[in-house]
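The file data_11.tsv contains TSV, C-alpha atoms:
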```tsv
chain	number	residue	atom	x	y	z
A	1	MET	CA	-14.97	3.48	-38.35
A	2	THR	CA	-15.61	3.75	-34.58
A	3	VAL	CA	-12.61	4.60	-32.42
A	4	PRO	CA	-12.34	2.12	-29.53
A	5	THR	CA	-12.53	3.47	-25.98
A	6	PHE	CA	-10.57	2.11	-23.03
A	7	ALA	CA	-12.01	3.40	-19.78
A	8	ILE	CA	-10.21	3.30	-16.43
A	9	VAL	CA	-12.19	3.84	-13.24
A	10	GLY	CA	-9.84	5.14	-10.58
A	11	ALA	CA	-7.02	7.61	-11.11
A	12	GLY	CA	-4.51	6.44	-8.55
A	13	LEU	CA	-1.05	5.19	-9.39
A	14	ALA	CA	-2.31	1.90	-10.85
A	15	GLY	CA	-4.81	3.62	-13.13
A	16	ALA	CA	-2.26	6.19	-14.27
A	17	ARG	CA	0.37	3.56	-15.06
A	18	ALA	CA	-2.19	1.53	-16.98
A	19	ALA	CA	-3.15	4.54	-19.10
A	20	GLU	CA	0.51	5.32	-19.69
A	21	ALA	CA	1.26	1.77	-20.82
A	22	ILE	CA	-1.77	1.58	-23.10
A	23	ARG	CA	-0.75	4.72	-24.93
A	24	SER	CA	2.99	3.99	-25.01
A	25	GLU	CA	2.32	0.55	-26.49
A	26	GLY	CA	0.74	2.18	-29.54
A	27	PHE	CA	-3.00	2.23	-28.80
A	28	ASP	CA	-4.48	5.10	-30.82
A	29	GLY	CA	-8.04	4.93	-29.52
A	30	SER	CA	-9.66	6.93	-26.75
A	31	ILE	CA	-8.42	6.57	-23.15
A	32	VAL	CA	-10.75	7.92	-20.46
A	33	LEU	CA	-9.38	8.10	-16.91
A	34	LEU	CA	-12.19	8.67	-14.41
A	35	ALA	CA	-10.89	10.21	-11.19
A	36	GLY	CA	-13.16	10.09	-8.19
A	37	GLU	CA	-10.98	12.72	-6.51
A	38	THR	CA	-10.44	16.23	-7.82
A	39	GLU	CA	-6.70	15.60	-8.03
A	40	TYR	CA	-4.60	14.27	-10.89
A	41	PRO	CA	-2.98	10.89	-10.11
A	42	TYR	CA	-0.52	10.93	-7.22
A	43	VAL	CA	1.41	8.39	-5.16
A	44	ARG	CA	0.27	7.63	-1.62
A	45	PRO	CA	3.32	6.51	0.43
A	46	PRO	CA	4.52	10.09	1.10
A	47	LEU	CA	1.12	10.93	2.62
A	48	SER	CA	2.20	9.21	5.84
A	49	LYS	CA	5.93	9.81	5.39
A	50	ASP	CA	7.79	12.76	3.85
A	51	TYR	CA	4.75	14.80	2.76
A	52	LEU	CA	3.06	14.48	6.15
A	53	ALA	CA	6.35	15.26	7.89
A	54	GLY	CA	6.81	18.45	5.84
A	55	ARG	CA	9.87	17.21	3.95
A	56	ALA	CA	8.24	16.98	0.50
A	57	ALA	CA	6.41	19.55	-1.60
A	58	ARG	CA	2.97	18.84	-3.07
A	59	ASP	CA	4.14	18.52	-6.67
A	60	THR	CA	6.69	15.82	-5.78
A	61	ILE	CA	3.94	13.25	-5.22
A	62	ASP	CA	2.27	13.64	-8.63
A	63	VAL	CA	2.67	10.73	-11.04
A	64	HIS	CA	2.90	13.24	-13.91
A	65	PRO	CA	2.24	16.98	-14.27
A	66	ALA	CA	-1.29	17.73	-15.46
A	67	PRO	CA	-0.25	18.75	-19.04
A	68	TRP	CA	1.36	15.32	-19.55
A	69	TYR	CA	-2.05	13.69	-19.91
A	70	ASP	CA	-3.32	16.19	-22.48
A	71	GLU	CA	-0.14	15.81	-24.50
A	72	ARG	CA	-0.81	12.07	-24.80
A	73	GLY	CA	-4.52	12.32	-25.46
A	74	ILE	CA	-5.54	10.83	-22.10
A	75	ASP	CA	-8.91	12.25	-21.09
A	76	VAL	CA	-8.71	12.73	-17.30
A	77	ARG	CA	-12.07	13.59	-15.78
A	78	LEU	CA	-11.60	14.90	-12.26
A	79	GLY	CA	-14.33	14.36	-9.68
A	80	ALA	CA	-16.04	11.83	-11.94
A	81	ARG	CA	-17.58	9.33	-9.52
A	82	VAL	CA	-18.89	6.20	-11.19
A	83	THR	CA	-22.15	4.95	-9.68
A	84	GLY	CA	-23.11	2.16	-12.04
A	85	LEU	CA	-21.66	-0.44	-14.41
A	86	ALA	CA	-23.73	-2.27	-17.01
A	87	LEU	CA	-21.74	-5.18	-18.39
A	88	ASP	CA	-24.26	-6.03	-21.11
A	89	THR	CA	-24.22	-2.55	-22.67
A	90	HIS	CA	-20.58	-1.73	-21.82
A	91	GLU	CA	-21.68	1.45	-20.07
A	92	LEU	CA	-20.62	3.36	-16.97
A	93	THR	CA	-23.00	5.73	-15.22
A	94	LEU	CA	-21.56	8.78	-13.49
A	95	ARG	CA	-22.92	10.49	-10.39
A	96	GLU	CA	-24.10	13.53	-12.34
A	97	GLY	CA	-26.16	11.33	-14.66
A	98	LYS	CA	-23.75	11.23	-17.58
A	99	SER	CA	-22.50	7.96	-19.04
A	100	VAL	CA	-19.34	6.62	-20.64
A	101	ARG	CA	-19.38	3.72	-23.05
A	102	TYR	CA	-16.30	1.51	-23.16
A	103	ASP	CA	-14.89	-1.25	-25.30
A	104	ARG	CA	-12.58	-2.37	-22.53
A	105	LEU	CA	-12.69	-1.37	-18.90
A	106	LEU	CA	-10.12	-1.38	-16.10
A	107	LEU	CA	-11.36	-1.12	-12.52
A	108	ALA	CA	-8.69	0.52	-10.37
A	109	THR	CA	-11.01	1.80	-7.67
A	110	GLY	CA	-8.54	1.23	-4.84
A	111	ALA	CA	-9.47	0.92	-1.20
A	112	SER	CA	-10.92	3.09	1.55
A	113	SER	CA	-9.78	3.54	5.13
A	114	ARG	CA	-11.56	1.30	7.58
A	115	ARG	CA	-13.66	3.56	9.77
A	116	PHE	CA	-13.64	3.52	13.54
A	117	PRO	CA	-16.50	1.18	14.52
A	118	GLY	CA	-17.42	2.74	17.88
A	119	PRO	CA	-19.14	5.95	19.01
A	120	GLY	CA	-17.53	9.29	18.25
A	121	ALA	CA	-16.14	8.48	14.83
A	122	ASP	CA	-17.58	11.69	13.34
A	123	LEU	CA	-16.05	14.09	15.87
A	124	ALA	CA	-13.82	16.89	14.61
A	125	GLY	CA	-10.16	16.13	15.15
A	126	VAL	CA	-10.54	12.48	14.12
A	127	TYR	CA	-8.54	11.62	11.02
A	128	HIS	CA	-8.06	8.80	8.58
A	129	LEU	CA	-5.21	8.86	6.09
A	130	ARG	CA	-5.84	7.80	2.53
A	131	THR	CA	-5.99	10.91	0.35
A	132	VAL	CA	-3.78	13.94	-0.16
A	133	GLY	CA	-6.53	16.11	1.29
A	134	GLU	CA	-6.57	14.04	4.47
A	135	SER	CA	-2.79	14.24	4.70
A	136	GLN	CA	-2.87	18.02	4.29
A	137	ALA	CA	-5.51	18.42	6.98
A	138	LEU	CA	-3.67	16.14	9.39
A	139	ARG	CA	-0.39	17.90	8.72
A	140	ALA	CA	-2.01	21.23	9.61
A	141	GLU	CA	-3.07	19.72	12.96
A	142	LEU	CA	0.38	18.30	13.71
A	143	GLU	CA	2.61	21.17	12.58
A	144	PRO	CA	2.09	23.49	15.58
A	145	GLY	CA	3.41	20.79	17.95
A	146	ASN	CA	2.65	20.39	21.66
A	147	ARG	CA	-0.53	18.46	20.92
A	148	ARG	CA	-1.72	15.20	22.37
A	149	VAL	CA	-1.97	12.78	19.45
A	150	VAL	CA	-3.51	9.35	19.90
A	151	ILE	CA	-3.19	6.81	17.10
A	152	VAL	CA	-5.55	3.85	17.04
A	153	GLY	CA	-3.72	1.05	15.26
A	154	ALA	CA	-0.10	-0.08	15.37
A	155	GLY	CA	0.36	-1.03	11.72
A	156	TRP	CA	2.53	0.67	9.11
A	157	ILE	CA	0.33	3.75	8.74
A	158	GLY	CA	-0.04	4.19	12.49
A	159	LEU	CA	3.68	3.97	13.15
A	160	GLU	CA	4.60	6.25	10.25
A	161	VAL	CA	2.13	8.87	11.46
A	162	ALA	CA	3.53	8.50	14.98
A	163	ALA	CA	7.03	9.26	13.69
A	164	ALA	CA	5.82	12.31	11.78
A	165	ALA	CA	3.83	13.57	14.76
A	166	ARG	CA	6.82	13.23	17.10
A	167	GLY	CA	8.92	15.09	14.55
A	168	TYR	CA	6.68	18.12	15.06
A	169	GLY	CA	7.10	17.90	18.82
A	170	ASN	CA	3.77	16.36	19.74
A	171	THR	CA	3.03	13.91	22.53
A	172	VAL	CA	2.11	10.62	20.85
A	173	THR	CA	0.31	7.54	22.15
A	174	VAL	CA	-0.21	4.48	19.95
A	175	LEU	CA	-2.90	1.96	20.87
A	176	GLY	CA	-2.39	-1.52	19.40
A	177	ARG	CA	-4.43	-4.68	19.79
A	178	ASP	CA	-1.50	-7.12	19.62
A	179	GLY	CA	1.33	-7.62	22.07
A	180	VAL	CA	3.88	-6.24	19.58
A	181	PRO	CA	3.33	-3.64	16.83
A	182	LEU	CA	3.20	-5.10	13.31
A	183	ALA	CA	3.11	-8.64	14.74
A	184	PRO	CA	0.42	-9.94	12.32
A	185	LEU	CA	2.52	-8.66	9.42
A	186	ILE	CA	6.15	-9.40	10.33
A	187	GLY	CA	5.98	-11.36	13.58
A	188	ASP	CA	7.03	-10.59	17.15
A	189	GLU	CA	10.80	-10.78	16.62
A	190	VAL	CA	11.04	-8.12	13.94
A	191	GLY	CA	8.06	-6.17	15.26
A	192	SER	CA	9.96	-5.72	18.53
A	193	VAL	CA	12.62	-3.76	16.64
A	194	PHE	CA	9.98	-1.20	15.67
A	195	ALA	CA	8.55	-1.18	19.20
A	196	GLU	CA	11.94	-0.25	20.63
A	197	LEU	CA	12.49	2.35	17.90
A	198	HIS	CA	9.30	4.17	18.88
A	199	ARG	CA	9.84	3.90	22.60
A	200	VAL	CA	13.35	5.41	22.44
A	201	ASN	CA	11.87	8.24	20.38
A	202	GLY	CA	9.29	9.06	23.02
A	203	VAL	CA	6.20	7.33	21.68
A	204	ASP	CA	3.94	5.84	24.35
A	205	LEU	CA	3.21	2.39	22.90
A	206	ARG	CA	0.23	0.83	24.64
A	207	MET	CA	-0.13	-2.67	23.27
A	208	GLU	CA	-2.86	-5.21	23.90
A	209	THR	CA	-5.15	-2.22	24.17
A	210	GLN	CA	-8.37	-1.74	22.24
A	211	ALA	CA	-10.20	1.56	21.83
A	212	ASP	CA	-13.96	1.24	22.09
A	213	ARG	CA	-15.18	4.82	21.88
A	214	LEU	CA	-14.08	8.35	21.03
A	215	ILE	CA	-15.08	11.07	23.46
A	216	GLY	CA	-15.64	14.70	22.64
A	217	THR	CA	-16.79	18.08	23.86
A	218	GLN	CA	-18.77	20.48	21.67
A	219	GLY	CA	-18.22	18.27	18.65
A	220	ARG	CA	-14.43	18.04	19.04
A	221	VAL	CA	-12.54	14.92	20.12
A	222	THR	CA	-10.98	15.10	23.60
A	223	GLY	CA	-10.07	11.49	24.28
A	224	VAL	CA	-10.13	7.81	23.44
A	225	GLY	CA	-12.06	5.49	25.73
A	226	LEU	CA	-10.74	2.05	26.66
A	227	PRO	CA	-12.85	-0.95	27.69
A	228	GLY	CA	-11.98	-0.66	31.39
A	229	GLY	CA	-13.23	2.92	31.55
A	230	GLU	CA	-9.89	4.71	31.18
A	231	VAL	CA	-9.80	7.68	28.84
A	232	VAL	CA	-6.60	8.62	27.00
A	233	SER	CA	-6.69	12.39	26.51
A	234	ALA	CA	-6.32	13.60	22.93
A	235	ASP	CA	-6.35	16.74	20.86
A	236	VAL	CA	-6.00	14.73	17.65
A	237	VAL	CA	-6.93	11.11	16.95
A	238	VAL	CA	-5.73	9.17	13.91
A	239	ILE	CA	-7.46	5.93	12.96
A	240	GLY	CA	-5.12	3.45	11.29
A	241	ILE	CA	-6.94	0.12	11.38
A	242	GLY	CA	-6.58	-0.99	7.79
A	243	ALA	CA	-8.36	-0.52	4.49
A	244	VAL	CA	-11.32	-2.05	2.67
A	245	PRO	CA	-11.27	-2.61	-1.13
A	246	ASN	CA	-13.80	-0.55	-3.06
A	247	THR	CA	-15.72	-3.41	-4.66
A	248	ASP	CA	-19.32	-2.14	-4.62
A	249	LEU	CA	-19.32	-1.16	-8.28
A	250	ALA	CA	-18.01	-4.57	-9.36
A	251	ARG	CA	-20.26	-6.54	-7.01
A	252	ASP	CA	-23.39	-4.67	-8.07
A	253	ALA	CA	-22.52	-5.36	-11.71
A	254	GLY	CA	-22.23	-9.11	-11.07
A	255	LEU	CA	-18.46	-9.54	-11.17
A	256	ALA	CA	-16.82	-12.08	-8.86
A	257	VAL	CA	-15.69	-10.51	-5.58
A	258	ASP	CA	-13.77	-12.19	-2.76
A	259	ASP	CA	-11.78	-9.68	-0.69
A	260	GLY	CA	-11.36	-7.80	-3.94
A	261	ILE	CA	-12.38	-8.20	-7.56
A	262	VAL	CA	-11.30	-11.67	-8.60
A	263	VAL	CA	-9.03	-11.69	-11.68
A	264	ASP	CA	-6.54	-14.04	-13.27
A	265	ALA	CA	-2.79	-13.47	-13.63
A	266	ALA	CA	-3.51	-11.19	-16.61
A	267	PHE	CA	-5.96	-9.07	-14.56
A	268	ARG	CA	-9.00	-10.38	-16.47
A	269	SER	CA	-12.28	-10.70	-14.62
A	270	ILE	CA	-15.08	-13.13	-15.43
A	271	ASP	CA	-16.23	-10.59	-18.03
A	272	PRO	CA	-13.87	-10.70	-21.04
A	273	ASP	CA	-13.85	-6.92	-21.44
A	274	VAL	CA	-13.39	-5.98	-17.77
A	275	TYR	CA	-10.05	-5.98	-15.93
A	276	ALA	CA	-9.09	-5.00	-12.38
A	277	VAL	CA	-5.81	-3.94	-10.80
A	278	GLY	CA	-4.28	-2.41	-7.69
A	279	ASP	CA	-5.66	-2.37	-4.16
A	280	VAL	CA	-9.10	-3.52	-5.32
A	281	ALA	CA	-7.96	-6.62	-7.21
A	282	THR	CA	-7.31	-10.10	-5.90
A	283	VAL	CA	-5.00	-11.49	-8.56
A	284	PHE	CA	-4.07	-15.11	-9.23
A	285	HIS	CA	-0.36	-15.46	-8.52
A	286	PRO	CA	1.27	-18.11	-10.72
A	287	VAL	CA	4.04	-18.84	-8.19
A	288	LEU	CA	1.85	-19.11	-5.10
A	289	ARG	CA	-0.94	-20.79	-7.07
A	290	HIS	CA	-3.63	-18.82	-5.28
A	291	HIS	CA	-5.19	-15.37	-5.40
A	292	LEU	CA	-3.46	-12.48	-3.65
A	293	ARG	CA	-4.53	-8.90	-2.95
A	294	VAL	CA	-1.62	-6.49	-2.43
A	295	GLU	CA	-2.10	-2.90	-1.28
A	296	HIS	CA	1.46	-1.63	-1.61
A	297	TRP	CA	2.72	1.17	-3.84
A	298	ASP	CA	5.09	-1.04	-5.82
A	299	ASN	CA	2.22	-3.32	-6.82
A	300	ALA	CA	0.25	-0.38	-8.19
A	301	GLU	CA	3.34	0.80	-10.08
A	302	ARG	CA	4.15	-2.50	-11.76
A	303	ALA	CA	0.77	-4.16	-11.94
A	304	GLY	CA	-0.86	-1.04	-13.40
A	305	ALA	CA	1.49	-1.10	-16.39
A	306	ALA	CA	1.07	-4.87	-16.78
A	307	ALA	CA	-2.73	-4.55	-16.75
A	308	GLY	CA	-2.56	-1.91	-19.46
A	309	ARG	CA	-0.55	-4.26	-21.66
A	310	SER	CA	-2.97	-7.08	-20.96
A	311	MET	CA	-5.87	-4.92	-22.13
A	312	LEU	CA	-4.04	-4.75	-25.47
A	313	ASP	CA	-4.01	-8.57	-25.63
A	314	GLN	CA	-0.32	-8.82	-24.88
A	315	ALA	CA	0.72	-11.95	-23.01
A	316	VAL	CA	0.83	-11.13	-19.28
A	317	SER	CA	1.29	-13.43	-16.30
A	318	TYR	CA	1.94	-11.17	-13.32
A	319	ASP	CA	4.22	-12.87	-10.81
A	320	ALA	CA	5.94	-9.96	-9.04
A	321	ILE	CA	7.18	-10.46	-5.49
A	322	PRO	CA	5.32	-8.04	-3.18
A	323	TYR	CA	7.53	-5.14	-2.06
A	324	PHE	CA	7.10	-2.15	0.23
A	325	TYR	CA	9.18	0.25	2.29
A	326	THR	CA	8.92	2.46	5.33
A	327	ASP	CA	10.75	5.41	6.86
A	328	GLN	CA	10.36	6.02	10.60
A	329	PHE	CA	12.67	8.29	12.60
A	330	ASP	CA	16.21	7.19	11.62
A	331	LEU	CA	15.09	3.80	10.32
A	332	GLY	CA	14.68	3.03	6.65
A	333	MET	CA	13.44	-0.38	5.55
A	334	GLU	CA	12.58	-2.40	2.45
A	335	TYR	CA	10.61	-5.64	2.53
A	336	SER	CA	10.13	-8.19	-0.23
A	337	GLY	CA	8.30	-11.45	0.06
A	338	TYR	CA	5.20	-13.50	0.59
A	339	GLY	CA	3.64	-12.59	3.90
A	340	ALA	CA	1.37	-15.63	4.00
A	341	LEU	CA	4.38	-17.97	3.77
A	342	ALA	CA	6.47	-15.90	6.19
A	343	ARG	CA	3.98	-16.49	9.01
A	344	ASP	CA	5.15	-20.09	9.28
A	345	ALA	CA	8.83	-19.36	8.63
A	346	GLU	CA	11.86	-19.04	10.91
A	347	VAL	CA	13.51	-15.62	11.08
A	348	VAL	CA	17.26	-15.42	10.47
A	349	PHE	CA	19.02	-12.15	11.35
A	350	ARG	CA	22.09	-11.04	9.45
A	351	GLY	CA	23.48	-8.10	11.40
A	352	ASP	CA	22.47	-6.56	14.70
A	353	PRO	CA	18.77	-5.87	15.38
A	354	ALA	CA	19.72	-3.95	18.53
A	355	ARG	CA	21.57	-1.39	16.38
A	356	ARG	CA	18.73	-1.46	13.85
A	357	GLU	CA	21.12	-2.32	11.03
A	358	PHE	CA	20.42	-5.78	9.67
A	359	ILE	CA	18.76	-8.00	7.11
A	360	ALA	CA	16.04	-10.37	8.31
A	361	PHE	CA	15.29	-13.45	6.23
A	362	TRP	CA	12.19	-15.58	6.67
A	363	VAL	CA	13.17	-19.16	5.85
A	364	LEU	CA	10.60	-21.91	5.27
A	365	ASP	CA	11.65	-25.47	4.43
A	366	GLY	CA	15.20	-24.29	3.70
A	367	ARG	CA	14.15	-21.53	1.29
A	368	VAL	CA	13.85	-17.77	1.71
A	369	VAL	CA	10.23	-16.64	1.34
A	370	ALA	CA	10.67	-13.03	2.52
A	371	GLY	CA	13.40	-10.59	3.43
A	372	MET	CA	13.68	-7.20	5.08
A	373	ASN	CA	16.70	-4.91	4.94
A	374	VAL	CA	16.82	-2.32	7.73
A	375	ASN	CA	19.30	0.55	7.28
A	376	VAL	CA	21.21	-1.72	4.90
A	377	TRP	CA	21.02	-0.66	1.28
A	378	ASP	CA	21.49	-1.95	-2.26
A	379	VAL	CA	20.54	-5.50	-1.30
A	380	ASN	CA	16.86	-5.68	-2.19
A	381	GLU	CA	17.46	-7.17	-5.63
A	382	THR	CA	19.61	-9.85	-4.00
A	383	VAL	CA	16.89	-10.57	-1.45
A	384	GLN	CA	14.36	-10.93	-4.25
A	385	ARG	CA	16.70	-13.30	-6.08
A	386	PHE	CA	16.78	-15.60	-3.04
A	387	ILE	CA	13.00	-15.65	-3.07
A	388	ARG	CA	12.51	-16.05	-6.80
A	389	THR	CA	15.12	-18.78	-7.35
A	390	GLU	CA	14.04	-20.75	-4.25
A	391	VAL	CA	17.68	-21.67	-3.66
A	392	ARG	CA	18.21	-23.79	-0.55
A	393	VAL	CA	20.13	-21.97	2.17
A	394	ASP	CA	22.13	-22.94	5.24
A	395	MET	CA	20.72	-20.65	7.93
A	396	THR	CA	24.02	-20.44	9.82
A	397	ARG	CA	25.82	-19.27	6.69
A	398	LEU	CA	22.96	-16.93	5.83
A	399	ALA	CA	23.42	-15.19	9.19
A	400	ASP	CA	27.20	-14.96	8.81
A	401	GLU	CA	28.12	-11.47	7.56
A	402	SER	CA	31.60	-12.65	6.61
A	403	ILE	CA	30.05	-14.70	3.79
A	404	GLU	CA	28.89	-12.70	0.78
A	405	LEU	CA	25.24	-13.14	-0.12
A	406	ASP	CA	26.22	-13.72	-3.74
A	407	GLU	CA	28.26	-16.69	-2.59
A	408	LEU	CA	25.14	-18.21	-1.08
A	409	LEU	CA	23.38	-17.70	-4.41
A	410	ALA	CA	26.11	-19.47	-6.38
A	411	GLY	CA	24.52	-21.97	-8.71
A	412	ALA	CA	21.05	-20.42	-8.45
A	413	PRO	CA	19.36	-19.67	-11.80
A	414	ASP	CA	19.44	-16.08	-13.00
```

Written form, structure tokens:
Amino acid sequence: MTVPTFAIVGAGLAGARAAEAIRSEGFDGSIVLLAGETEYPYVRPPLSKDYLAGRAARDTIDVHPAPWYDERGIDVRLGARVTGLALDTHELTLREGKSVRYDRLLLATGASSRRFPGPGADLAGVYHLRTVGESQALRAELEPGNRRVVIVGAGWIGLEVAAAARGYGNTVTVLGRDGVPLAPLIGDEVGSVFAELHRVNGVDLRMETQADRLIGTQGRVTGVGLPGGEVVSADVVVIGIGAVPNTDLARDAGLAVDDGIVVDAAFRSIDPDVYAVGDVATVFHPVLRHHLRVEHWDNAERAGAAAGRSMLDQAVSYDAIPYFYTDQFDLGMEYSGYGALARDAEVVFRGDPARREFIAFWVLDGRVVAGMNVNVWDVNETVQRFIRTEVRVDMTRLADESIELDELLAGAPD
């Protein structure tokens, strides 16, 4: 009797959690975890936060110690890059010419940093931040301090790197295309809180500014060129302009791709034996009634386990509310909600944004669609309950700190 093989391409957090769930749910077949990197699965948020800032040791970011996988019969193949997928023969081709046959396959290939599109992208001293190796190399550049660091991109990664770089005593300039950092993600009102945070901590925020070239001498970056001819001097440049899902393998095999591998709420692709999860997957969300691709750590954590259960034919309809967090200087934040709905919503502040201690609610048609707690803790579950129950709220009462949030949820379903 042939032992079934479940193969997972991609050994990030989503792939690791899927393998863990498959085995813990009683599957006694073969589990092959193909890692494109030469590292065992690790979590990525610390790469731009505590690990980059020197506050976390290397082993603290591992999903599990290496022996954990052997103990559970999970075959982790490090540096195993998959170059081909044949749906008809259920076969994966590896870069070195070997092949792996699967009965069921999970694609958890993640995403790659968007590269700088102008001249000079290959100069030494230019960094992207996606892998632990990139974080280690960037940390080595930042640790000595007294360096001129220019960050292209004013999103979450860019601002987190800026905070870490300032912590080492570097001069930091952030170049952002919008008028306010994070504006496309959380809007001008809340984005302004982060702008002020960085300015009071010595970051030179240059908004409505677009880099068009990187300039170097003897192969090493020395500056960032702006459209008007100005050059911002730099010893180190970090590119933080987003990520692109790694869909080539799926597209070449004939799977449906639309800003990610298209799957249903149970992570099933158009091929009955192929699933996709994590940064690379655009998943049908049963609450929103449309597909959604989420790049955050929490999605990899929860969706990875759910995809593993789905591969075992358990009933899965993944409807988690997207969640992420950030740590910058003395600001800690958690966000839960549907960004697409929040763009058209009104922001209600509960607390004082000027003191950077508040909860922001995004309210659309009388219902909370997203919430962010800044330096206010133990409220995220409550925020998610507002979103999930769709309880109607009075915005004046929602902003009133003298009224308990639980009181506003009275009568909402559990």

Can you tell me which residues surround Gly176 of chain A at a distance of at most 10 Å, considering only C-alpha atoms, apart from same-chain residues fewer than 6 positions away, and format the answer as a list in words? Ile151, Val152, Gly153, Ala154, Gly155, Gly158, Leu182, Leu205, Arg206, Met207, Glu208, Thr209, Gln210, Ala211, Gly240 and Ile241 of chain A

My list of candidates is A:Ala360, A:Ala300, A:Val376, A:Val277. Which is closest to Tyr42 of chain A when distances are computed with only C-alpha atoms? A:Ala300

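The space separating atom CA of Thr396 of chain A from atom CA of Arg350 of chain A comes to 9.6 Å.
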
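Atom pair atom CA of Tyr323 of chain A / atom CA of Val369 of chain A: separated by 12.3 Å.
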
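Taking all atoms listed in the file into account, Pro117 of chain A lies nearest to A:Ile239 out of the set A:Ala137, A:Val100, A:Ile8, A:Ile239.
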
Hey, can you check how far atom CA of Pro245 of chain A sits from atom CA of His296 of chain A?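 Distance reported for this atom pair: 12.8 Å.
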
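Candidate residues A:Val274, A:Met333, A:Leu288, A:Ala163 were compared for distance to Ala86 of chain A, and the nearest is A:Val274, using all atoms listed in the file.
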
Taking 2 positions as the minimum chain separation for residues in the same chain, which residues sit within 12 Å of Asp59 of chain A when counting only C-alpha atoms? Answer as a compact mmCIF listing (two decimals) with C-alpha atoms, in the coordinates of the input.
```txt
# COMPACT_ATOMS: atom_id res chain seq x y z
CA GLU A 39 -6.70 15.60 -8.03
CA TYR A 40 -4.60 14.27 -10.89
CA PRO A 41 -2.98 10.89 -10.11
CA TYR A 42 -0.52 10.93 -7.22
CA VAL A 43 1.41 8.39 -5.16
CA PRO A 46 4.52 10.09 1.10
CA TYR A 51 4.75 14.80 2.76
CA ALA A 56 8.24 16.98 0.50
CA ALA A 57 6.41 19.55 -1.60
CA ILE A 61 3.94 13.25 -5.22
CA ASP A 62 2.27 13.64 -8.63
CA VAL A 63 2.67 10.73 -11.04
CA HIS A 64 2.90 13.24 -13.91
CA PRO A 65 2.24 16.98 -14.27
CA ALA A 66 -1.29 17.73 -15.46
CA VAL A 132 -3.78 13.94 -0.16
```

The residue from A:Ala164, A:Arg251, A:Glu37, A:Arg343 with the smallest atom-to-atom distance to Ala183 of chain A, counting only C-alpha atoms, is A:Arg343

Which residues are close to Ala354 of chain A, i.e. within 12 Å by all atoms listed in the file, leaving aside same-chain residues fewer than 2 positions away? Reply as a list of chain:residue names. A:Glu189, A:Val190, A:Ser192, A:Val193, A:Phe194, A:Ala195, A:Glu196, A:Leu197, A:Val200, A:Phe349, A:Arg350, A:Gly351, A:Asp352, A:Arg356, A:Glu357, A:Phe358, A:Val374

All residues 6 Å or closer to Ile74 of chain A, all atoms listed in the file, same chain fewer than 4 positions away omitted, as a list of chain:residue names: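 In the requested format, the answer is A:Ile31, A:Tyr69, A:Asp70.
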
Could you list, as a ChimeraX atom specification, every residue within 9 Å of Leu312 of chain A, counting all atoms listed in the file and ignoring same-chain residues fewer than 3 positions away? /A:22,25,27,307-309,315

Given the choices A:Glu230, A:Glu20, A:Asp271, A:Glu334, which gets closest to Asn373 of chain A if the distance is worked out from all atoms listed in the file?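 Closest residue, counting all atoms listed in the file: A:Glu334.
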
Filled-in N, CA, C and O atoms of segment 187-194 of chain A, supplied as an mmCIF file, in the frame of the given file:
```
data_model
loop_
_atom_site.group_PDB
_atom_site.id
_atom_site.type_symbol
_atom_site.label_atom_id
_atom_site.label_comp_id
_atom_site.auth_asym_id
_atom_site.auth_seq_id
_atom_site.Cartn_x
_atom_site.Cartn_y
_atom_site.Cartn_z
ATOM 1 N N GLY A 187 5.650 -10.522 12.440
ATOM 2 C CA GLY A 187 5.980 -11.360 13.580
ATOM 3 C C GLY A 187 6.539 -10.583 14.761
ATOM 4 O O GLY A 187 6.931 -9.414 14.647
ATOM 5 N N ASP A 188 6.592 -11.250 15.915
ATOM 6 C CA ASP A 188 7.030 -10.590 17.150
ATOM 7 C C ASP A 188 8.500 -10.194 17.122
ATOM 8 O O ASP A 188 8.873 -9.124 17.621
ATOM 9 N N GLU A 189 9.367 -11.044 16.553
ATOM 10 C CA GLU A 189 10.800 -10.780 16.620
ATOM 11 C C GLU A 189 11.174 -9.485 15.916
ATOM 12 O O GLU A 189 11.885 -8.637 16.459
ATOM 13 N N VAL A 190 10.700 -9.333 14.691
ATOM 14 C CA VAL A 190 11.040 -8.120 13.940
ATOM 15 C C VAL A 190 10.171 -6.961 14.395
ATOM 16 O O VAL A 190 10.626 -5.809 14.454
ATOM 17 N N GLY A 191 8.920 -7.232 14.747
ATOM 18 C CA GLY A 191 8.060 -6.170 15.260
ATOM 19 C C GLY A 191 8.631 -5.508 16.496
ATOM 20 O O GLY A 191 8.465 -4.302 16.715
ATOM 21 N N SER A 192 9.352 -6.284 17.310
ATOM 22 C CA SER A 192 9.960 -5.720 18.530
ATOM 23 C C SER A 192 11.007 -4.665 18.206
ATOM 24 O O SER A 192 11.241 -3.748 19.007
ATOM 25 N N VAL A 193 11.651 -4.774 17.055
ATOM 26 C CA VAL A 193 12.620 -3.760 16.640
ATOM 27 C C VAL A 193 11.914 -2.412 16.485
ATOM 28 O O VAL A 193 12.412 -1.363 16.919
ATOM 29 N N PHE A 194 10.739 -2.435 15.873
ATOM 30 C CA PHE A 194 9.980 -1.200 15.670
ATOM 31 C C PHE A 194 9.405 -0.692 16.990
ATOM 32 O O PHE A 194 9.309 0.532 17.204
#
```
